[in-house]
$ cat work29.tsv   # TSV, C-alpha atoms
chain	number	residue	atom	x	y	z
E	251	MET	CA	7.49	-26.95	-27.98
E	252	THR	CA	3.68	-27.26	-28.08
E	253	SER	CA	2.13	-26.25	-24.78
E	254	LEU	CA	-0.27	-28.69	-23.16
E	255	ILE	CA	-1.40	-26.06	-20.70
E	256	SER	CA	-4.20	-23.60	-21.22
E	257	SER	CA	-2.98	-20.10	-22.02
E	258	THR	CA	-5.12	-18.70	-19.24
E	259	SER	CA	-3.75	-18.22	-15.74
E	260	LEU	CA	-4.14	-21.40	-13.72
E	261	ARG	CA	-5.49	-19.86	-10.55
E	262	LEU	CA	-8.36	-22.33	-10.01
E	263	PRO	CA	-10.82	-20.03	-8.24
E	264	GLY	CA	-13.60	-21.90	-10.05
E	265	VAL	CA	-12.51	-25.25	-8.65
E	266	VAL	CA	-12.25	-23.98	-5.09
E	267	ALA	CA	-15.55	-22.10	-5.30
E	268	ALA	CA	-17.31	-25.14	-6.75
E	269	LEU	CA	-16.02	-27.31	-3.92
E	270	ALA	CA	-17.12	-24.85	-1.25
E	271	LEU	CA	-20.62	-24.45	-2.70
E	272	SER	CA	-21.25	-28.14	-3.23
E	273	VAL	CA	-20.09	-29.02	0.29
E	274	ALA	CA	-22.81	-26.79	1.70
E	275	ALA	CA	-25.40	-28.40	-0.59
E	276	LEU	CA	-24.61	-32.03	0.24
E	277	PRO	CA	-26.76	-33.95	2.72
E	278	ALA	CA	-25.25	-35.35	5.87
E	279	PHE	CA	-23.44	-38.62	5.12
E	280	ALA	CA	-23.67	-40.49	8.42
E	281	GLN	CA	-27.40	-41.08	8.76
E	282	LEU	CA	-28.67	-44.66	9.03
E	283	ALA	CA	-32.27	-45.72	8.51
E	284	GLY	CA	-32.44	-48.21	11.39
E	285	GLY	CA	-31.11	-46.12	14.24
E	286	MET	CA	-28.03	-44.24	15.36
E	287	GLN	CA	-24.60	-44.79	13.87
E	288	GLU	CA	-21.59	-45.52	15.97
E	289	ALA	CA	-19.38	-42.41	15.77
E	290	SER	CA	-16.02	-44.17	15.94
E	291	PRO	CA	-12.93	-42.49	14.43
E	292	ALA	CA	-12.62	-45.33	11.89
E	293	SER	CA	-16.22	-45.02	10.68
E	294	LEU	CA	-15.97	-41.23	10.40
E	295	GLU	CA	-12.70	-41.45	8.48
E	296	ASN	CA	-14.15	-43.96	6.04
E	297	SER	CA	-17.33	-41.93	5.49
E	298	SER	CA	-15.30	-38.74	5.06
E	299	ARG	CA	-13.02	-40.35	2.49
E	300	GLN	CA	-15.94	-41.59	0.39
E	301	TRP	CA	-17.70	-38.24	0.55
E	302	LEU	CA	-14.57	-36.26	-0.40
E	303	ASP	CA	-13.64	-38.61	-3.26
E	304	GLY	CA	-17.06	-38.13	-4.81
E	305	GLU	CA	-16.97	-34.39	-4.24
E	306	MET	CA	-13.56	-34.01	-5.89
E	307	ALA	CA	-14.74	-35.93	-8.96
E	308	ARG	CA	-17.92	-33.89	-9.37
E	309	SER	CA	-16.26	-30.53	-8.81
E	310	GLY	CA	-13.29	-31.24	-11.09
E	311	GLN	CA	-15.56	-32.29	-13.95
E	312	THR	CA	-17.79	-29.24	-13.47
E	313	ALA	CA	-14.86	-26.83	-13.58
E	314	GLY	CA	-13.45	-28.47	-16.72
E	315	MET	CA	-9.85	-28.22	-15.53
E	316	PRO	CA	-7.13	-30.73	-16.59
E	317	LEU	CA	-6.65	-32.06	-13.07
E	318	ARG	CA	-6.21	-35.48	-11.50
E	319	MET	CA	-7.49	-35.10	-7.97
E	320	GLU	CA	-6.26	-37.14	-5.01
E	321	VAL	CA	-7.62	-36.90	-1.48
E	322	SER	CA	-6.15	-38.36	1.67
E	323	VAL	CA	-7.90	-38.26	5.03
E	324	GLY	CA	-5.82	-38.20	8.19
E	325	PRO	CA	-6.77	-40.05	11.36
E	326	LEU	CA	-8.82	-38.63	14.18
E	327	ASP	CA	-7.41	-38.95	17.65
E	328	SER	CA	-7.89	-42.62	18.57
E	329	ARG	CA	-8.61	-41.58	22.15
E	330	LEU	CA	-11.83	-39.84	21.11
E	331	HIS	CA	-15.04	-41.45	22.32
E	332	LEU	CA	-17.87	-39.76	20.47
E	333	ALA	CA	-21.49	-40.40	21.29
E	334	ALA	CA	-23.59	-42.26	18.72
E	335	CYS	CA	-25.27	-39.88	16.32
E	336	ASN	CA	-28.23	-40.15	13.94
E	337	LYS	CA	-26.99	-37.38	11.62
E	338	VAL	CA	-23.41	-36.17	11.14
E	339	GLU	CA	-23.01	-33.04	9.02
E	340	PRO	CA	-19.77	-32.16	7.16
E	341	TYR	CA	-18.75	-28.53	6.74
E	342	ILE	CA	-15.79	-26.36	5.80
E	343	PRO	CA	-14.41	-24.40	8.78
E	344	ALA	CA	-14.13	-20.63	8.43
E	345	ASN	CA	-11.14	-19.45	6.37
E	346	MET	CA	-10.46	-22.97	5.10
E	347	ARG	CA	-10.79	-24.42	1.59
E	348	LEU	CA	-10.54	-27.90	0.07
E	349	TRP	CA	-7.07	-27.32	-1.36
E	350	GLY	CA	-3.68	-28.56	-0.15
E	351	LYS	CA	-3.39	-29.36	3.54
E	352	THR	CA	-6.70	-28.49	5.12
E	353	ARG	CA	-9.43	-29.95	7.31
E	354	VAL	CA	-13.13	-30.72	7.25
E	355	GLY	CA	-15.44	-30.24	10.20
E	356	LEU	CA	-17.83	-32.98	11.31
E	357	ARG	CA	-20.63	-32.16	13.71
E	358	CYS	CA	-23.44	-34.20	15.22
E	359	VAL	CA	-26.70	-32.35	14.55
E	360	ASP	CA	-29.11	-35.09	15.65
E	361	GLY	CA	-28.14	-37.13	18.68
E	362	PRO	CA	-28.29	-37.27	22.48
E	363	VAL	CA	-24.97	-35.41	22.66
E	364	ARG	CA	-23.93	-32.71	20.19
E	365	TRP	CA	-20.25	-32.83	19.27
E	366	ASN	CA	-17.89	-31.25	16.75
E	367	VAL	CA	-14.54	-32.58	15.50
E	368	PHE	CA	-12.08	-31.75	12.72
E	369	MET	CA	-10.73	-34.24	10.20
E	370	PRO	CA	-7.26	-33.51	8.71
E	371	VAL	CA	-7.39	-33.70	4.92
E	372	GLN	CA	-4.90	-33.24	2.09
E	373	VAL	CA	-6.16	-32.46	-1.40
E	374	LYS	CA	-3.74	-32.88	-4.29
E	375	ALA	CA	-4.48	-31.64	-7.81
E	376	PHE	CA	-2.10	-33.03	-10.41
E	377	GLY	CA	-1.86	-31.27	-13.75
E	378	PRO	CA	0.63	-29.97	-16.35
E	379	ALA	CA	2.93	-27.10	-15.40
E	380	TRP	CA	6.22	-25.50	-16.36
E	381	VAL	CA	9.08	-26.71	-14.14
E	382	LEU	CA	12.68	-25.53	-14.02
E	383	ARG	CA	15.28	-27.64	-15.81
E	384	GLY	CA	17.97	-26.50	-13.40
E	385	PRO	CA	18.43	-24.20	-10.39
E	386	ALA	CA	17.80	-20.46	-10.76
E	387	VAL	CA	19.27	-17.80	-8.49
E	388	ALA	CA	17.40	-14.72	-7.29
E	389	GLY	CA	17.64	-11.93	-9.85
E	390	ALA	CA	18.11	-14.23	-12.86
E	391	THR	CA	16.03	-13.61	-15.98
E	392	LEU	CA	14.08	-16.60	-17.23
E	393	ALA	CA	14.17	-17.77	-20.85
E	394	MET	CA	11.99	-20.35	-22.57
E	395	SER	CA	14.84	-22.88	-22.44
E	396	ASP	CA	14.94	-22.68	-18.62
E	397	ALA	CA	11.76	-24.72	-18.12
E	398	MET	CA	9.97	-27.77	-19.43
E	399	GLN	CA	6.51	-29.24	-18.95
E	400	ALA	CA	5.76	-31.87	-16.33
E	401	GLU	CA	2.90	-33.00	-14.11
E	402	VAL	CA	2.95	-31.41	-10.65
E	403	ASP	CA	0.66	-30.94	-7.67
E	404	TRP	CA	-0.89	-27.51	-8.17
E	405	ALA	CA	-2.16	-27.56	-4.58
E	406	GLU	CA	1.29	-28.07	-3.07
E	407	GLU	CA	1.64	-24.27	-2.67
E	408	PRO	CA	-1.02	-21.55	-2.48
E	409	ALA	CA	0.51	-19.39	-5.24
E	410	SER	CA	-0.98	-19.75	-8.74
E	411	VAL	CA	0.71	-21.93	-11.36
E	412	LEU	CA	1.98	-19.94	-14.36
E	413	GLY	CA	0.58	-21.91	-17.27
E	414	ASP	CA	1.36	-19.53	-20.12
E	415	PRO	CA	5.05	-18.98	-21.00
E	416	ALA	CA	4.19	-15.32	-21.65
E	417	GLN	CA	3.63	-15.04	-17.89
E	418	TRP	CA	7.20	-15.99	-16.96
E	419	VAL	CA	9.54	-15.71	-19.99
E	420	GLY	CA	11.64	-12.57	-19.48
E	421	THR	CA	10.68	-12.21	-15.82
E	422	THR	CA	13.10	-11.99	-12.89
E	423	VAL	CA	13.34	-14.72	-10.26
E	424	THR	CA	12.48	-13.38	-6.79
E	425	ARG	CA	14.32	-16.05	-4.78
E	426	ASN	CA	16.64	-19.01	-5.28
E	427	LEU	CA	14.78	-21.88	-6.93
E	428	ASN	CA	15.65	-25.55	-7.36
E	429	ALA	CA	15.47	-27.75	-10.43
E	430	GLY	CA	12.06	-29.35	-10.80
E	431	GLN	CA	10.12	-26.58	-9.06
E	432	ALA	CA	6.92	-25.54	-10.81
E	433	LEU	CA	6.87	-21.88	-11.77
E	434	ARG	CA	4.33	-19.97	-9.70
E	435	GLN	CA	3.21	-16.38	-9.44
E	436	SER	CA	5.12	-15.68	-6.22
E	437	MET	CA	8.45	-16.83	-7.71
E	438	VAL	CA	8.86	-14.20	-10.43
E	439	ARG	CA	8.33	-10.52	-11.07
E	440	ALA	CA	8.29	-8.48	-14.24
E	441	ALA	CA	11.73	-7.32	-15.33
E	442	GLN	CA	12.80	-3.70	-14.97
E	443	VAL	CA	13.12	-2.22	-18.47
E	444	PHE	CA	14.30	1.32	-17.70
E	445	GLU	CA	15.69	3.39	-14.82
E	446	ALA	CA	14.44	6.57	-13.23
E	447	GLY	CA	15.40	9.54	-15.41
E	448	SER	CA	15.13	7.61	-18.68
E	449	ASN	CA	13.52	9.28	-21.67
E	450	VAL	CA	10.31	7.49	-22.64
E	451	ARG	CA	7.52	7.79	-25.17
E	452	VAL	CA	4.12	8.46	-23.63
E	453	VAL	CA	1.10	7.21	-25.56
E	454	ALA	CA	-2.07	8.84	-24.26
E	455	GLU	CA	-5.15	6.92	-25.41
E	456	GLY	CA	-8.82	7.76	-25.27
E	457	PRO	CA	-12.01	6.78	-27.10
E	458	GLY	CA	-11.06	6.80	-30.77
E	459	PHE	CA	-7.74	8.62	-30.50
E	460	ALA	CA	-4.10	8.32	-29.36
E	461	VAL	CA	-1.53	11.07	-28.81
E	462	THR	CA	2.20	10.42	-28.53
E	463	SER	CA	4.68	12.69	-26.73
E	464	ASP	CA	8.01	12.48	-24.94
E	465	GLY	CA	8.68	12.52	-21.22
E	466	GLN	CA	11.13	11.56	-18.51
E	467	ALA	CA	10.42	8.69	-16.12
E	468	VAL	CA	10.37	9.69	-12.46
E	469	GLY	CA	10.77	6.09	-11.27
E	470	ALA	CA	12.06	2.77	-12.56
E	471	GLY	CA	9.96	1.08	-15.25
E	472	ILE	CA	8.68	-2.45	-14.72
E	473	VAL	CA	6.52	-4.00	-17.42
E	474	GLY	CA	2.86	-4.01	-16.44
E	475	GLN	CA	3.30	-1.66	-13.50
E	476	SER	CA	2.58	2.05	-13.11
E	477	VAL	CA	5.22	4.74	-13.40
E	478	ARG	CA	5.11	8.53	-13.10
E	479	VAL	CA	6.41	10.56	-16.04
E	480	ARG	CA	7.39	14.24	-16.18
E	481	MET	CA	6.19	15.75	-19.44
E	482	ASP	CA	7.62	18.76	-21.29
E	483	GLY	CA	6.40	21.86	-19.51
E	484	GLY	CA	6.55	20.22	-16.06
E	485	ARG	CA	3.25	18.36	-16.09
E	486	PHE	CA	3.21	14.87	-14.53
E	487	MET	CA	1.27	11.87	-15.82
E	488	THR	CA	0.99	8.30	-14.56
E	489	GLY	CA	0.81	5.39	-16.95
E	490	THR	CA	1.51	1.68	-17.42
E	491	VAL	CA	4.92	0.50	-18.62
E	492	VAL	CA	4.56	-1.34	-21.94
E	493	ASP	CA	8.20	-1.92	-22.91
E	494	ALA	CA	11.68	-0.40	-22.59
E	495	ARG	CA	10.60	2.88	-24.24
E	496	THR	CA	6.81	3.11	-23.95
E	497	VAL	CA	4.38	4.18	-21.24
E	498	ARG	CA	0.65	4.02	-21.97
E	499	VAL	CA	-1.72	6.51	-20.32
E	500	ALA	CA	-5.50	6.07	-20.46
E	501	ILE	CA	-7.46	9.32	-20.55

$ encode --input "work29.tsv" --output "structure tokens"
Amino acid sequence: MTSLISSTSLRLPGVVAALALSVAALPAFAQLAGGMQEASPASLENSSRQWLDGEMARSGQTAGMPLRMEVSVGPLDSRLHLAACNKVEPYIPANMRLWGKTRVGLRCVDGPVRWNVFMPVQVKAFGPAWVLRGPAVAGATLAMSDAMQAEVDWAEEPASVLGDPAQWVGTTVTRNLNAGQALRQSMVRAAQVFEAGSNVRVVAEGPGFAVTSDGQAVGAGIVGQSVRVRMDGGRFMTGTVVDARTVRVAI
């Protein structure tokens, strides 16, 4: 099957960073030339929706990611009675980002009464991903035939989408998963390829050379993770597990 997804990890830090930076750079959106604007919940929701729609489009194009962005703005409390304001400034609250279920702050910076409210927002980012064909139980090893490509909301969960089959084929499922779930970083872990006490080949590499010797693993070997190896003569070295028989040590 030809992959429609980039072989790089689909973590989207560029998208999120671009959104955060451009929010800070945008001018306030609720300033009227002829006087103060009524700060009703309906007017703020409408202005927020227009501002966010434009921001999603600009940021998505800048990042060059294959995403179809959708933004929905939740209602403010209808009981709010905010004073009229000449300039309302949007901002991202601390520890928040424009991704998934979030919120945007709105504050009056030029008016007889300064106020600050929060608008509930949901940002969806639809793009291609690998989804399970059927359920998978915790501890199962994934094969290429276990998943297919489909469009999903990348922002539905905080964990990164695994866009390259090399990132999940042969890995172990960490929890029970349902058919149709997109494969994400938190759902899988590298498979264990040898047990503690196994004999392994240690490849020590340095600038322009490589030395191979035998050793005995002190711990279990998981591809991509570190393991301690006891060498002949009792010396210990720590390296990265490459496969079922090889540990690479950088010196």

$ atom_distance --input "work29.tsv" --atom1 "atom CA of Gly377 of chain E" --atom2 "atom CA of Ser410 of chain E"
12.6 Å

$ residues_around --input "work29.tsv" --residues "Thr421 of chain E" --least-positions-apart "5" --cutoff "9 Å" --atoms "only C-alpha atoms" --output "short mmCIF file (atom, residue, chain, number, x, y, z; two decimals) with C-alpha atoms, keeping the file's coordinate frame"
data_model
loop_
_atom_site.label_atom_id
_atom_site.label_comp_id
_atom_site.auth_asym_id
_atom_site.auth_seq_id
_atom_site.Cartn_x
_atom_site.Cartn_y
_atom_site.Cartn_z
CA ALA E 390 18.11 -14.23 -12.86
CA THR E 391 16.03 -13.61 -15.98
CA LEU E 392 14.08 -16.60 -17.23
CA ALA E 393 14.17 -17.77 -20.85
CA VAL E 438 8.86 -14.20 -10.43
CA ARG E 439 8.33 -10.52 -11.07
CA ALA E 440 8.29 -8.48 -14.24
CA ALA E 441 11.73 -7.32 -15.33
CA GLN E 442 12.80 -3.70 -14.97
#

$ closest_residue --input "work29.tsv" --among "E:Gln431, E:Gly420, E:Pro362, E:Arg480" --to "Asp493 of chain E" --atoms "all atoms listed in the file"
E:Gly420

$ residues_around --input "work29.tsv" --residues "Ile472 of chain E" --least-positions-apart "3" --cutoff "12 Å" --atoms "all atoms listed in the file" --output "list in words"
Gly420, Thr421, Thr422, Arg439, Ala440, Ala441, Gln442, Val443, Phe444, Glu445, Ala446, Ala467, Gly469, Gln475, Ser476, Val477, Arg478, Gly489, Thr490, Val491, Val492, Asp493, Ala494, Arg495, Thr496 and Val497 of chain E

$ atom_distance --input "work29.tsv" --atom1 "atom CA of Leu427 of chain E" --atom2 "atom CA of Asp414 of chain E"
19.0 Å

$ residues_around --input "work29.tsv" --residues "Ala344 of chain E" --least-positions-apart "5" --cutoff "12 Å" --atoms "all atoms listed in the file" --output "list in words"
Ala270, Thr352, Arg353, Val354 and Gly355 of chain E

$ closest_residue --input "work29.tsv" --among "E:Ser293, E:Ser328, E:Asn428, E:Gln435" --to "Pro408 of chain E" --atoms "only C-alpha atoms"
E:Gln435

$ closest_residue --input "work29.tsv" --among "E:Val473, E:Leu348, E:Met398, E:Met481" --to "Val453 of chain E" --atoms "all atoms listed in the file"
E:Met481

$ atom_distance --input "work29.tsv" --atom1 "atom CA of Phe486 of chain E" --atom2 "atom CA of Gly458 of chain E"
23.1 Å

$ residues_around --input "work29.tsv" --residues "Val367 of chain E" --least-positions-apart "2" --cutoff "8 Å" --atoms "all atoms listed in the file" --output "PyMOL selection string"
chain E and resi 355-357+365+369

$ residues_around --input "work29.tsv" --residues "Asn426 of chain E" --least-positions-apart "2" --cutoff "10 Å" --atoms "all atoms listed in the file" --output "ChimeraX atom specification"
/E:385-390,423-424,428,437

$ decode --input "work29.tsv" --residues "segment 426-452 of chain E" --atoms "N, CA and C atoms" --output "PDB file, in the first residue's frame"
ATOM      1  N   ASN E 426      -5.684  -1.922  25.669  1.00  0.00           N
ATOM      2  CA  ASN E 426      -6.692  -2.402  24.726  1.00  0.00           C
ATOM      3  C   ASN E 426      -7.151  -1.260  23.816  1.00  0.00           C
ATOM      4  N   LEU E 427      -7.190  -1.527  22.520  1.00  0.00           N
ATOM      5  CA  LEU E 427      -7.571  -0.523  21.546  1.00  0.00           C
ATOM      6  C   LEU E 427      -8.752  -1.023  20.716  1.00  0.00           C
ATOM      7  N   ASN E 428      -9.558  -0.092  20.234  1.00  0.00           N
ATOM      8  CA  ASN E 428     -10.739  -0.434  19.452  1.00  0.00           C
ATOM      9  C   ASN E 428     -10.485  -0.247  17.956  1.00  0.00           C
ATOM     10  N   ALA E 429     -11.253  -0.920  17.158  1.00  0.00           N
ATOM     11  CA  ALA E 429     -11.181  -0.745  15.709  1.00  0.00           C
ATOM     12  C   ALA E 429     -11.467   0.708  15.365  1.00  0.00           C
ATOM     13  N   GLY E 430     -10.706   1.253  14.426  1.00  0.00           N
ATOM     14  CA  GLY E 430     -10.917   2.620  13.997  1.00  0.00           C
ATOM     15  C   GLY E 430     -10.092   3.648  14.737  1.00  0.00           C
ATOM     16  N   GLN E 431      -9.417   3.250  15.820  1.00  0.00           N
ATOM     17  CA  GLN E 431      -8.581   4.195  16.544  1.00  0.00           C
ATOM     18  C   GLN E 431      -7.313   4.492  15.757  1.00  0.00           C
ATOM     19  N   ALA E 432      -6.943   5.772  15.718  1.00  0.00           N
ATOM     20  CA  ALA E 432      -5.695   6.160  15.062  1.00  0.00           C
ATOM     21  C   ALA E 432      -4.522   5.791  15.952  1.00  0.00           C
ATOM     22  N   LEU E 433      -3.479   5.248  15.351  1.00  0.00           N
ATOM     23  CA  LEU E 433      -2.305   4.848  16.122  1.00  0.00           C
ATOM     24  C   LEU E 433      -1.511   6.081  16.537  1.00  0.00           C
ATOM     25  N   ARG E 434      -1.265   6.177  17.844  1.00  0.00           N
ATOM     26  CA  ARG E 434      -0.558   7.316  18.412  1.00  0.00           C
ATOM     27  C   ARG E 434       0.595   6.835  19.291  1.00  0.00           C
ATOM     28  N   GLN E 435       1.490   7.759  19.576  1.00  0.00           N
ATOM     29  CA  GLN E 435       2.719   7.414  20.280  1.00  0.00           C
ATOM     30  C   GLN E 435       2.466   6.754  21.625  1.00  0.00           C
ATOM     31  N   SER E 436       1.422   7.176  22.335  1.00  0.00           N
ATOM     32  CA  SER E 436       1.166   6.649  23.668  1.00  0.00           C
ATOM     33  C   SER E 436       0.560   5.250  23.655  1.00  0.00           C
ATOM     34  N   MET E 437       0.173   4.742  22.485  1.00  0.00           N
ATOM     35  CA  MET E 437      -0.529   3.463  22.399  1.00  0.00           C
ATOM     36  C   MET E 437       0.397   2.267  22.216  1.00  0.00           C
ATOM     37  N   VAL E 438       1.648   2.517  21.850  1.00  0.00           N
ATOM     38  CA  VAL E 438       2.558   1.415  21.540  1.00  0.00           C
ATOM     39  C   VAL E 438       3.907   1.633  22.207  1.00  0.00           C
ATOM     40  N   ARG E 439       4.645   0.556  22.333  1.00  0.00           N
ATOM     41  CA  ARG E 439       6.029   0.640  22.795  1.00  0.00           C
ATOM     42  C   ARG E 439       6.850  -0.361  21.988  1.00  0.00           C
ATOM     43  N   ALA E 440       8.121  -0.102  21.920  1.00  0.00           N
ATOM     44  CA  ALA E 440       9.003  -0.999  21.176  1.00  0.00           C
ATOM     45  C   ALA E 440       8.974  -2.388  21.797  1.00  0.00           C
ATOM     46  N   ALA E 441       9.046  -3.408  20.951  1.00  0.00           N
ATOM     47  CA  ALA E 441       8.976  -4.790  21.443  1.00  0.00           C
ATOM     48  C   ALA E 441      10.279  -5.198  22.135  1.00  0.00           C
ATOM     49  N   GLN E 442      10.136  -6.053  23.142  1.00  0.00           N
ATOM     50  CA  GLN E 442      11.323  -6.616  23.792  1.00  0.00           C
ATOM     51  C   GLN E 442      11.895  -7.696  22.876  1.00  0.00           C
ATOM     52  N   VAL E 443      13.207  -7.613  22.616  1.00  0.00           N
ATOM     53  CA  VAL E 443      13.828  -8.546  21.667  1.00  0.00           C
ATOM     54  C   VAL E 443      14.764  -9.547  22.344  1.00  0.00           C
ATOM     55  N   PHE E 444      15.160  -9.296  23.581  1.00  0.00           N
ATOM     56  CA  PHE E 444      15.902 -10.315  24.329  1.00  0.00           C
ATOM     57  C   PHE E 444      15.728 -10.084  25.824  1.00  0.00           C
ATOM     58  N   GLU E 445      15.981 -11.144  26.604  1.00  0.00           N
ATOM     59  CA  GLU E 445      15.817 -11.108  28.052  1.00  0.00           C
ATOM     60  C   GLU E 445      17.146 -10.837  28.748  1.00  0.00           C
ATOM     61  N   ALA E 446      17.050 -10.489  30.017  1.00  0.00           N
ATOM     62  CA  ALA E 446      18.265 -10.324  30.811  1.00  0.00           C
ATOM     63  C   ALA E 446      19.024 -11.644  30.835  1.00  0.00           C
ATOM     64  N   GLY E 447      20.350 -11.560  30.688  1.00  0.00           N
ATOM     65  CA  GLY E 447      21.173 -12.764  30.670  1.00  0.00           C
ATOM     66  C   GLY E 447      21.473 -13.278  29.274  1.00  0.00           C
ATOM     67  N   SER E 448      20.832 -12.693  28.259  1.00  0.00           N
ATOM     68  CA  SER E 448      21.064 -13.137  26.883  1.00  0.00           C
ATOM     69  C   SER E 448      22.451 -12.714  26.403  1.00  0.00           C
ATOM     70  N   ASN E 449      23.054 -13.552  25.565  1.00  0.00           N
ATOM     71  CA  ASN E 449      24.325 -13.214  24.946  1.00  0.00           C
ATOM     72  C   ASN E 449      24.068 -12.283  23.773  1.00  0.00           C
ATOM     73  N   VAL E 450      24.795 -11.178  23.712  1.00  0.00           N
ATOM     74  CA  VAL E 450      24.596 -10.193  22.661  1.00  0.00           C
ATOM     75  C   VAL E 450      25.940  -9.793  22.053  1.00  0.00           C
ATOM     76  N   ARG E 451      25.854  -9.204  20.878  1.00  0.00           N
ATOM     77  CA  ARG E 451      27.039  -8.670  20.213  1.00  0.00           C
ATOM     78  C   ARG E 451      27.066  -7.170  20.460  1.00  0.00           C
ATOM     79  N   VAL E 452      28.200  -6.694  20.975  1.00  0.00           N
ATOM     80  CA  VAL E 452      28.353  -5.272  21.266  1.00  0.00           C
ATOM     81  C   VAL E 452      29.223  -4.638  20.187  1.00  0.00           C
TER      82      VAL E 452
END
